[in-house]
>>> print(open('protein.txt').read())   # compact mmCIF, C-alpha atoms
# COMPACT_ATOMS: atom_id res chain seq x y z
CA MET A 16 -3.00 -11.64 -33.55
CA LEU A 17 -5.67 -13.06 -31.24
CA SER A 18 -9.17 -11.66 -31.58
CA VAL A 19 -11.40 -11.00 -28.60
CA SER A 20 -13.50 -14.06 -29.48
CA ALA A 21 -10.37 -16.22 -29.53
CA LEU A 22 -9.28 -14.73 -26.21
CA ALA A 23 -12.64 -15.71 -24.72
CA GLY A 24 -11.63 -19.34 -25.11
CA VAL A 25 -8.23 -18.68 -23.53
CA ALA A 26 -9.58 -16.58 -20.62
CA PRO A 27 -10.29 -19.55 -18.28
CA ARG A 28 -6.69 -20.69 -18.75
CA ILE A 29 -5.49 -17.19 -17.88
CA ASP A 30 -7.48 -17.40 -14.65
CA ARG A 31 -5.89 -20.74 -13.78
CA VAL A 32 -2.39 -19.43 -14.49
CA LEU A 33 -3.00 -16.37 -12.32
CA ALA A 34 -4.39 -18.58 -9.57
CA VAL A 35 -0.97 -20.29 -9.46
CA ILE A 36 1.42 -17.36 -9.87
CA LEU A 37 -0.41 -14.45 -8.22
CA PRO A 38 -0.13 -15.84 -4.63
CA LEU A 39 3.66 -15.70 -5.06
CA PHE A 40 3.73 -11.87 -5.32
CA LEU A 41 5.35 -11.21 -1.93
CA LEU A 42 7.76 -14.14 -2.27
CA VAL A 43 9.00 -12.66 -5.58
CA ASP A 44 9.51 -9.23 -3.96
CA TRP A 45 11.34 -10.92 -1.10
CA LEU A 46 13.70 -12.75 -3.47
CA ASN A 47 14.14 -9.59 -5.52
CA GLY A 48 15.08 -7.69 -2.35
CA ALA A 49 17.59 -10.39 -1.40
CA LEU A 50 19.23 -10.16 -4.83
CA LEU A 51 19.39 -6.36 -4.57
CA GLN A 52 20.96 -6.46 -1.11
CA TYR A 53 23.55 -9.13 -1.83
CA TYR A 54 24.26 -8.71 -5.55
CA GLY A 55 23.27 -5.09 -6.23
CA SER A 56 20.69 -6.06 -8.85
CA GLY A 57 17.36 -7.87 -8.92
CA PHE A 58 18.12 -9.07 -12.50
CA GLY A 59 14.62 -8.02 -13.54
CA LEU A 60 12.92 -10.73 -11.47
CA ALA A 61 10.16 -8.58 -9.93
CA ALA A 62 9.74 -6.45 -13.07
CA VAL A 63 9.19 -9.45 -15.37
CA TYR A 64 6.87 -11.14 -12.89
CA LYS A 65 4.69 -8.07 -12.35
CA LEU A 66 4.61 -7.27 -16.04
CA ALA A 67 3.32 -10.81 -16.62
CA LEU A 68 0.63 -10.32 -13.94
CA LEU A 69 -0.52 -7.04 -15.49
CA ALA A 70 -0.55 -8.46 -19.01
CA LEU A 71 -2.61 -11.50 -18.00
CA MET A 72 -5.07 -9.38 -16.01
CA ALA A 73 -5.38 -6.96 -18.93
CA LEU A 74 -6.10 -9.82 -21.37
CA SER A 75 -8.82 -11.11 -19.06
CA LEU A 76 -10.37 -7.66 -18.74
CA LEU A 77 -10.25 -7.29 -22.52
CA VAL A 78 -12.68 -10.22 -22.68
CA TYR A 79 -14.93 -9.52 -19.69
CA GLN A 80 -14.60 -5.76 -19.06
CA PRO A 81 -13.29 -4.13 -22.28
CA LYS A 82 -14.71 -0.70 -21.40
CA TRP A 83 -12.92 -0.68 -18.05
CA LEU A 84 -9.64 -1.70 -19.68
CA LEU A 85 -10.08 0.99 -22.34
CA ALA A 86 -10.69 3.60 -19.62
CA LEU A 87 -7.49 2.58 -17.78
CA VAL A 88 -5.39 2.60 -20.96
CA SER A 89 -6.81 6.03 -21.84
CA LEU A 90 -5.90 7.33 -18.39
CA LEU A 91 -2.40 5.94 -18.80
CA LEU A 92 -1.92 7.69 -22.14
CA VAL A 93 -3.26 11.01 -20.84
CA MET A 94 -0.91 10.78 -17.85
CA LEU A 95 2.07 10.34 -20.17
CA LEU A 96 1.13 13.26 -22.45
CA GLY A 97 2.81 15.96 -20.35
CA PRO A 98 6.04 14.05 -19.62
CA ALA A 99 6.26 12.98 -23.29
CA LEU A 100 6.64 16.63 -24.32
CA HIS A 101 9.92 16.70 -22.40
CA TRP A 102 11.23 13.27 -23.44
CA PRO A 103 13.15 14.45 -26.55
CA LYS A 104 15.63 16.26 -24.29
CA MET A 105 15.71 13.50 -21.63
CA HIS A 106 17.83 10.40 -21.21
CA SER A 107 15.94 7.20 -22.03
CA SER A 108 16.04 6.15 -18.36
CA TRP A 109 13.61 8.97 -17.50
CA ILE A 110 11.20 7.81 -20.20
CA VAL A 111 11.20 4.32 -18.69
CA ALA A 112 10.81 5.78 -15.17
CA ASP A 113 7.77 7.87 -16.18
CA MET A 114 6.12 4.89 -17.87
CA GLN A 115 6.82 2.59 -14.92
CA LEU A 116 5.38 4.99 -12.36
CA ALA A 117 2.28 5.64 -14.48
CA VAL A 118 1.66 1.90 -14.77
CA LYS A 119 2.14 1.48 -11.01
CA ALA A 120 -0.43 4.22 -10.38
CA ILE A 121 -3.19 2.49 -12.35
CA SER A 122 -2.25 -1.07 -11.26
CA PRO A 123 -4.52 -1.11 -8.15
CA LEU A 124 -7.56 -0.34 -10.33
CA LEU A 125 -6.55 -2.98 -12.86
CA ALA A 126 -6.07 -5.63 -10.16
CA LEU A 127 -9.30 -4.72 -8.36
CA GLY A 128 -11.21 -4.85 -11.63
CA TYR A 129 -9.83 -8.29 -12.44
CA LEU A 130 -10.43 -9.79 -8.98
CA THR A 131 -13.98 -8.47 -8.62
CA GLN A 132 -14.79 -9.79 -12.11
CA LEU A 133 -13.27 -13.18 -11.23
CA LEU A 134 -15.41 -13.32 -8.08
CA LYS A 135 -18.53 -12.93 -10.21
CA ARG A 136 -17.77 -15.60 -12.80
CA ASN A 137 -15.71 -18.15 -10.80
CA HIS A 138 -16.23 -17.62 -7.08
CA ILE A 139 -14.52 -20.88 -6.06
CA LEU A 140 -11.31 -20.18 -8.01
CA ALA A 141 -11.23 -16.57 -6.80
CA LYS A 142 -11.67 -17.61 -3.18
CA ARG A 143 -8.88 -20.19 -3.49
CA LEU A 144 -6.57 -17.65 -5.14
CA ILE A 145 -7.17 -15.12 -2.37
CA GLN A 146 -6.73 -17.67 0.44
CA HIS A 147 -3.48 -19.00 -1.03
CA SER A 148 -2.22 -15.43 -1.43
CA VAL A 149 -2.88 -14.58 2.21
CA VAL A 150 -1.29 -17.81 3.49
CA CYS A 151 1.80 -17.41 1.30
CA SER A 152 2.20 -13.71 2.15
CA SER A 153 1.80 -14.34 5.89
CA ALA A 154 4.45 -17.07 5.76
CA VAL A 155 6.89 -14.82 3.89
CA LEU A 156 6.37 -11.96 6.38
CA LEU A 157 6.90 -14.28 9.36
CA ILE A 158 10.03 -15.91 7.92
CA ASN A 159 11.45 -12.53 6.95
CA PHE A 160 10.80 -11.20 10.47
CA MET A 161 12.57 -14.17 12.08
CA LEU A 162 15.55 -13.86 9.74
CA GLY A 163 15.72 -10.11 10.35
CA ALA A 164 15.70 -10.68 14.12
CA LEU A 165 18.68 -13.02 13.61
CA GLY A 166 20.57 -10.30 11.76
CA VAL A 167 19.94 -11.47 8.20
CA GLY A 168 19.26 -8.69 5.69
CA GLY A 169 19.37 -4.92 6.02
CA THR A 170 18.42 -2.38 8.65
CA ALA A 171 15.20 -0.43 8.30
CA TYR A 172 16.99 2.94 8.30
CA GLN A 173 20.46 4.33 7.71
CA PRO A 174 22.04 6.28 10.59
CA LEU A 175 22.00 10.07 10.47
CA ASP A 176 25.33 11.87 10.65
CA GLY A 177 26.04 13.05 14.17
CA VAL A 178 22.98 11.31 15.66
CA ALA A 179 23.37 8.41 18.06
CA GLN A 180 20.73 5.73 17.51
CA SER A 181 20.97 2.42 19.31
CA PHE A 182 18.47 0.60 17.09
CA LEU A 183 17.95 1.16 13.36
CA GLY A 184 15.26 -1.48 13.00
CA PHE A 185 15.41 -4.29 10.47
CA LYS A 186 13.60 -5.06 7.24
CA GLY A 187 15.02 -8.50 6.57
CA LEU A 188 15.51 -9.29 2.90
CA PHE A 189 12.97 -6.82 1.55
CA TYR A 190 14.30 -3.74 -0.19
CA SER A 191 11.85 -0.95 0.73
CA THR A 192 10.92 -0.38 4.37
CA ASN A 193 8.02 1.98 3.64
CA GLU A 194 6.41 -0.33 1.08
CA LEU A 195 6.84 -3.30 3.39
CA SER A 196 5.02 -1.37 6.14
CA ALA A 197 2.03 -0.79 3.85
CA VAL A 198 1.94 -4.46 2.84
CA LEU A 199 2.12 -5.49 6.50
CA LEU A 200 -0.80 -3.18 7.25
CA LEU A 201 -2.95 -4.78 4.54
CA ILE A 202 -2.15 -8.39 5.43
CA THR A 203 -2.70 -7.60 9.12
CA GLY A 204 -6.15 -6.18 8.36
CA ILE A 205 -7.15 -9.48 6.73
CA LEU A 206 -5.64 -11.67 9.45
CA LEU A 207 -7.20 -9.70 12.30
CA TYR A 208 -10.63 -10.04 10.71
CA THR A 209 -10.32 -13.80 10.13
CA SER A 210 -8.65 -14.54 13.48
CA TRP A 211 -11.38 -12.69 15.41
CA GLN A 212 -13.93 -15.00 13.80
CA ARG A 213 -12.04 -18.04 15.15
CA HIS A 214 -10.93 -17.26 18.70
CA VAL A 215 -9.70 -14.35 20.79
CA LEU A 216 -6.40 -16.18 21.37
CA TRP A 217 -5.75 -16.29 17.61
CA TYR A 218 -6.52 -12.58 17.51
CA ALA A 219 -4.08 -11.89 20.36
CA LEU A 220 -1.33 -13.91 18.64
CA CYS A 221 -1.82 -12.16 15.29
CA SER A 222 -1.86 -8.80 17.05
CA LEU A 223 1.39 -9.44 18.91
CA LEU A 224 3.20 -10.71 15.83
CA ALA A 225 1.99 -7.83 13.66
CA LEU A 226 2.92 -5.23 16.27
CA ALA A 227 6.37 -6.83 16.74
CA MET A 228 6.96 -6.64 12.98
CA ALA A 229 5.81 -3.02 12.89
CA LEU A 230 8.14 -2.11 15.76
CA SER A 231 11.02 -3.79 13.96
CA LEU A 232 10.41 -1.55 10.92
CA LEU A 233 10.20 1.64 13.02
CA THR A 234 7.75 3.33 10.63
CA LYS A 235 4.85 5.51 11.72
CA THR A 236 2.73 3.75 9.10
CA GLY A 237 3.30 0.37 10.63
CA ILE A 238 3.23 1.20 14.33
CA LEU A 239 0.27 3.60 14.35
CA GLY A 240 -1.70 1.85 11.60
CA ILE A 241 -1.46 -1.61 13.11
CA SER A 242 -2.18 -0.27 16.60
CA MET A 243 -5.39 1.29 15.25
CA LEU A 244 -6.37 -1.97 13.57
CA ILE A 245 -5.77 -3.99 16.74
CA VAL A 246 -7.94 -1.64 18.82
CA LEU A 247 -10.71 -0.94 16.30
CA VAL A 248 -11.29 -4.25 14.46
CA PRO A 249 -13.06 -5.97 17.42
CA LEU A 250 -15.32 -2.94 17.81
CA LEU A 251 -16.12 -2.81 14.10
CA LEU A 252 -17.07 -6.49 14.11
CA GLN A 253 -19.66 -6.17 16.88
CA PRO A 254 -23.33 -6.67 15.86
CA ALA A 255 -25.58 -3.69 15.25
CA ILE A 256 -27.25 -4.06 18.66
CA PHE A 257 -23.87 -3.45 20.28
CA TRP A 258 -23.78 0.04 18.79
CA ARG A 259 -27.37 0.84 19.75
CA LYS A 260 -27.65 -0.46 23.32
CA ARG A 261 -24.18 -0.34 24.81
CA LYS A 262 -23.44 3.35 24.92
CA THR A 263 -22.09 3.09 28.46
CA LEU A 264 -19.61 0.42 27.39
CA MET A 265 -18.58 2.46 24.37
CA ILE A 266 -17.99 5.51 26.55
CA SER A 267 -15.96 3.34 28.95
CA LEU A 268 -13.86 1.99 26.09
CA ALA A 269 -13.30 5.51 24.78
CA LEU A 270 -12.18 6.64 28.23
CA CYS A 271 -9.85 3.63 28.54
CA PHE A 272 -8.39 4.37 25.12
CA THR A 273 -7.89 8.02 26.07
CA ALA A 274 -6.22 6.98 29.34
CA ILE A 275 -3.85 4.65 27.46
CA MET A 276 -2.98 7.41 24.99
CA LEU A 277 -2.30 9.86 27.83
CA LEU A 278 -0.17 7.27 29.62
CA LEU A 279 1.88 6.74 26.47
CA LEU A 280 2.15 10.48 25.94
CA PHE A 281 3.48 11.13 29.45
CA ASN A 282 5.97 8.27 29.05
CA LEU A 283 6.78 9.02 25.42
CA GLU A 284 10.43 9.83 25.99
CA SER A 285 11.04 6.57 27.85
CA LEU A 286 9.24 4.62 25.14
CA LEU A 287 11.20 6.26 22.33
CA ARG A 288 14.46 5.66 24.18
CA ALA A 289 13.49 2.00 24.61
CA LEU A 290 12.92 1.77 20.85
CA GLY A 291 16.26 3.45 20.27
CA ILE A 292 14.94 6.33 18.16
CA TYR A 293 14.69 9.19 20.65
CA ASP A 294 17.94 10.90 19.54
CA LYS A 295 16.95 10.73 15.88
CA LEU A 296 13.49 12.21 16.45
CA SER A 297 14.93 14.88 18.74
CA PHE A 298 17.37 15.89 16.01
CA VAL A 299 14.59 16.02 13.38
CA TYR A 300 12.41 18.10 15.73
CA GLN A 301 15.21 20.65 16.20
CA GLN A 302 15.72 20.89 12.44
CA ARG A 303 12.13 20.84 11.11
CA GLY A 304 9.79 21.04 14.10
CA LEU A 305 6.72 18.87 14.65
CA SER A 306 5.92 18.66 10.93
CA GLY A 307 9.37 17.20 10.38
CA ILE A 308 8.49 14.31 12.69
CA LEU A 309 4.93 13.77 11.47
CA LEU A 310 5.70 14.16 7.76
CA SER A 311 9.40 13.23 7.81
CA SER A 312 10.13 16.61 6.18
CA ARG A 313 7.99 15.73 3.15
CA ASP A 314 6.25 19.10 3.35
CA TYR A 315 9.66 20.78 3.08
CA TYR A 316 10.62 18.83 -0.04
CA ALA A 317 7.16 19.34 -1.56
CA SER A 318 7.51 23.09 -1.07
CA ARG A 319 10.90 23.10 -2.81
CA ILE A 320 9.55 21.06 -5.74
CA TRP A 321 6.50 23.28 -6.08
CA GLN A 322 8.55 26.47 -6.12
CA SER A 323 11.09 25.06 -8.58
CA VAL A 324 8.49 23.72 -11.02
CA ALA A 325 6.39 26.91 -10.84
CA GLY A 326 9.47 29.04 -11.47
CA ASN A 327 10.76 27.07 -14.46
CA TYR A 328 7.70 25.77 -16.31
CA SER A 329 4.61 27.40 -17.78
CA LEU A 330 1.14 26.93 -16.30
CA VAL A 331 0.16 24.62 -19.18
CA GLU A 332 3.23 22.44 -18.58
CA GLN A 333 2.41 22.24 -14.89
CA TYR A 334 -1.18 21.16 -15.62
CA LEU A 335 0.07 18.48 -18.03
CA GLY A 336 2.92 17.39 -15.75
CA VAL A 337 6.66 17.60 -16.39
CA GLY A 338 7.69 14.02 -15.61
CA GLN A 339 10.27 12.79 -13.14
CA GLY A 340 13.13 13.96 -15.33
CA GLY A 341 11.57 17.41 -15.57
CA VAL A 342 11.77 17.79 -11.79
CA ALA A 343 15.11 15.99 -11.47
CA MET A 344 16.70 18.57 -13.78
CA LEU A 345 15.99 21.14 -11.06
CA LEU A 346 16.41 19.22 -7.81
CA LYS A 347 18.36 16.20 -6.62
CA LYS A 348 15.43 14.97 -4.51
CA TYR A 349 12.56 15.03 -7.00
CA PHE A 350 10.12 12.83 -5.03
CA ALA A 351 8.25 14.48 -2.14
CA GLU A 352 6.96 10.98 -1.18
CA MET A 353 3.33 12.10 -0.96
CA ASP A 354 1.44 10.31 -3.70
CA TRP A 355 -1.07 13.05 -4.54
CA PHE A 356 1.67 15.65 -4.83
CA ASP A 357 4.10 13.47 -6.78
CA LEU A 358 1.45 12.33 -9.25
CA PHE A 359 0.40 15.93 -9.87
CA SER A 360 4.00 17.10 -10.26
CA PHE A 361 4.88 14.35 -12.73
CA TYR A 362 1.57 13.88 -14.58
CA GLY A 363 -0.41 17.04 -13.88
CA VAL A 364 -4.20 17.02 -13.62
CA ALA A 365 -4.34 13.47 -15.05
CA GLY A 366 -2.15 12.21 -12.20
CA ALA A 367 -4.35 13.90 -9.60
CA LEU A 368 -7.41 12.39 -11.30
CA VAL A 369 -5.95 8.87 -11.05
CA TYR A 370 -5.29 9.46 -7.36
CA LEU A 371 -8.85 10.64 -6.67
CA LEU A 372 -10.44 7.94 -8.84
CA THR A 373 -8.50 5.12 -7.18
CA PHE A 374 -9.40 6.00 -3.62
CA SER A 375 -12.96 6.95 -4.55
CA LEU A 376 -13.59 3.52 -6.09
CA PHE A 377 -11.89 1.55 -3.32
CA LEU A 378 -13.84 3.44 -0.65
CA TYR A 379 -17.08 3.21 -2.66
CA HIS A 380 -16.83 -0.60 -2.82
CA SER A 381 -16.26 -0.85 0.92
CA TRP A 382 -18.94 1.74 1.77
CA GLN A 383 -21.54 -0.39 -0.01
CA LEU A 384 -20.92 -3.12 2.59
CA ARG A 385 -20.78 -0.87 5.67
CA ALA A 386 -23.70 -2.73 7.28
CA LEU A 387 -21.52 -5.83 7.61
CA GLY A 388 -18.51 -6.36 9.87
CA ALA A 389 -16.05 -7.15 7.08
CA GLY A 390 -17.28 -4.11 5.16
CA ARG A 391 -16.56 -1.84 8.15
CA VAL A 392 -13.07 -3.34 8.51
CA LEU A 393 -12.55 -2.77 4.80
CA ILE A 394 -13.53 0.91 5.16
CA LEU A 395 -10.94 1.27 7.93
CA VAL A 396 -8.24 -0.44 5.84
CA ASN A 397 -8.94 1.80 2.83
CA LEU A 398 -9.00 4.94 4.98
CA LEU A 399 -5.62 3.97 6.43
CA MET A 400 -4.30 3.49 2.88
CA LEU A 401 -5.62 6.95 2.01
CA LEU A 402 -3.96 8.46 5.08
CA VAL A 403 -0.64 6.75 4.36
CA SER A 404 -0.74 7.69 0.68
CA THR A 405 -1.51 11.33 1.52
CA MET A 406 1.12 11.80 4.21
CA ALA A 407 3.81 9.21 3.52
CA GLY A 408 3.37 8.04 -0.07
CA HIS A 409 4.52 4.61 -1.27
CA ILE A 410 1.00 3.39 -2.10
CA LEU A 411 0.21 4.41 -5.69
CA SER A 412 3.92 4.82 -6.40
CA SER A 413 4.69 1.34 -5.06
CA GLY A 414 5.43 -1.83 -6.96
CA MET A 415 4.69 -3.96 -3.90
CA VAL A 416 1.36 -2.64 -2.60
CA TRP A 417 -1.06 -2.85 -5.55
CA VAL A 418 -1.55 -6.64 -5.43
CA PRO A 419 -2.16 -7.03 -1.65
CA TRP A 420 -4.36 -3.92 -1.62
CA ALA A 421 -6.62 -5.34 -4.31
CA LEU A 422 -6.53 -8.77 -2.65
CA ALA A 423 -7.49 -7.34 0.74
CA ASN A 424 -10.50 -5.61 -0.80
CA ALA A 425 -11.51 -8.66 -2.82
CA MET A 426 -11.17 -11.00 0.17
CA LEU A 427 -13.13 -8.84 2.58
CA LEU A 428 -15.76 -8.27 -0.11
CA THR A 429 -16.04 -12.06 -0.45
CA LEU A 430 -16.32 -12.57 3.29
CA SER A 431 -18.92 -9.81 3.56
CA ARG A 432 -21.08 -11.36 0.86
CA SER A 433 -20.73 -14.84 2.39
CA ALA A 434 -21.81 -13.50 5.77
CA HIS A 435 -24.73 -11.69 4.13
CA GLU A 436 -25.83 -14.87 2.33
CA ARG A 437 -25.69 -16.90 5.55
CA SER A 438 -27.78 -14.32 7.42
CA ALA A 439 -30.33 -13.98 4.59
>>> encode(input="protein.txt", output="structure tokens")
Amino acid sequence: MLSVSALAGVAPRIDRVLAVILPLFLLVDWLNGALLQYYGSGFGLAAVYKLALLALMALSLLVYQPKWLLALVSLLLVMLLGPALHWPKMHSSWIVADMQLAVKAISPLLALGYLTQLLKRNHILAKRLIQHSVVCSSAVLLINFMLGALGVGGTAYQPLDGVAQSFLGFKGLFYSTNELSAVLLLITGILLYTSWQRHVLWYALCSLLALAMALSLLTKTGILGISMLIVLVPLLLQPAIFWRKRKTLMISLALCFTAIMLLLLFNLESLLRALGIYDKLSFVYQQRGLSGILLSSRDYYASRIWQSVAGNYSLVEQYLGVGQGGVAMLLKKYFAEMDWFDLFSFYGVAGALVYLLTFSLFLYHSWQLRALGAGRVLILVNLLMLLVSTMAGHILSSGMVWVPWALANAMLLTLSRSAHERSA
């Protein structure tokens, strides 16, 4: 068994291996989605790849940040304590599911810890890793979008019974529409920042492509999130004097934005009909009201889960968490798809703590750089992730999002520091 001192000699090799394989994260998910759609199984491709990423990052942290790794492993074990009490009466598949979700939940912190540490000790390698990741991911998203537009792959949504919908969107060869929307949001945040630095035409091109992809997915996360990025990134990247001396311009922009929103609101029905989703949203509104549209009925499912768990488990069991199997024994739909609620239901107070700790640390890192343009963009990106995680889930419970989320933060942190050094 390798000692920590022996691992110290291997650590640079681990960094070089990760620099080669980590940029392929979205390509692997893409291939895994293609296998799932056409063969019904991913044959463990994405699982083996991501397990390798986590293991290599953990080994590196064992050398350079052992206390941080110990804290994450401790959190993982505490999360699994409550579900483990119910495992003896569960099928083994639920044990694996609880362990997988717990690992997913702490993966963003593990990846962020590794990348920020790599930036400190090997800035050149870290910068190259991040750049290659963004280029590769952008290429995969663009190719997937073009193939989806040609009819290759699956639709973004399945039709509802008795509801006419002319357009169901398309997700290409990816498997999860919601997770793909979150990834698109993160990659778009990076590209909008870098393209604005080059030329306004690059910014316009990136904006149009990102918005077209979001519209093809038909998710609120994608459409609203990317629209906010397109509008706000140029404002966030203005120098400090812009915010102090151009109040009239800012008021004008705010009025223009309000006018655009009102125009869209008054023409909302026509717009939704053009997108082909008016009948579906109208049906959901009749069934669940406005909250059904905004939350996609997640509040309804959360209420059912809460009542079922409270009525069948003791207060201690609820605080420790009952695991996915513990909820699935009571309800067919055991995910509410709101990360904070799901993590608390499955892992109790420990799950809620992981949720709070993750977003607190990501926002803390970006808040430290709020005086710089990239830092302000990073705050916006992390706030959007918080909003999506709170209302739509698929962030901490995702197998696709943890790598690009950590990369987006690491890249914008790098750009912020480079800009700070140039101005110093």
>>> closest_residue(input="protein.txt", among="A:Gly168, A:Gly204, A:Gly48, A:Pro81", to="A:Leu251", atoms="all atoms listed in the file")
A:Gly204
>>> atom_distance(input="protein.txt", atom1="atom CA of A:Leu195", atom2="atom CA of A:Gly340")
26.2 Å
>>> atom_distance(input="protein.txt", atom1="atom CA of A:Gly240", atom2="atom CA of A:Leu51")
27.8 Å
>>> residues_around(input="protein.txt", residues="A:Leu144", least_positions_apart="5", cutoff="9 Å", atoms="only C-alpha atoms", output="VMD selection string")
chain A and resid 33 to 35 37 to 38 139 149
>>> closest_residue(input="protein.txt", among="A:Ser152, A:Phe374, A:Met94, A:Gly338", to="A:Ser108", atoms="all atoms listed in the file")
A:Gly338
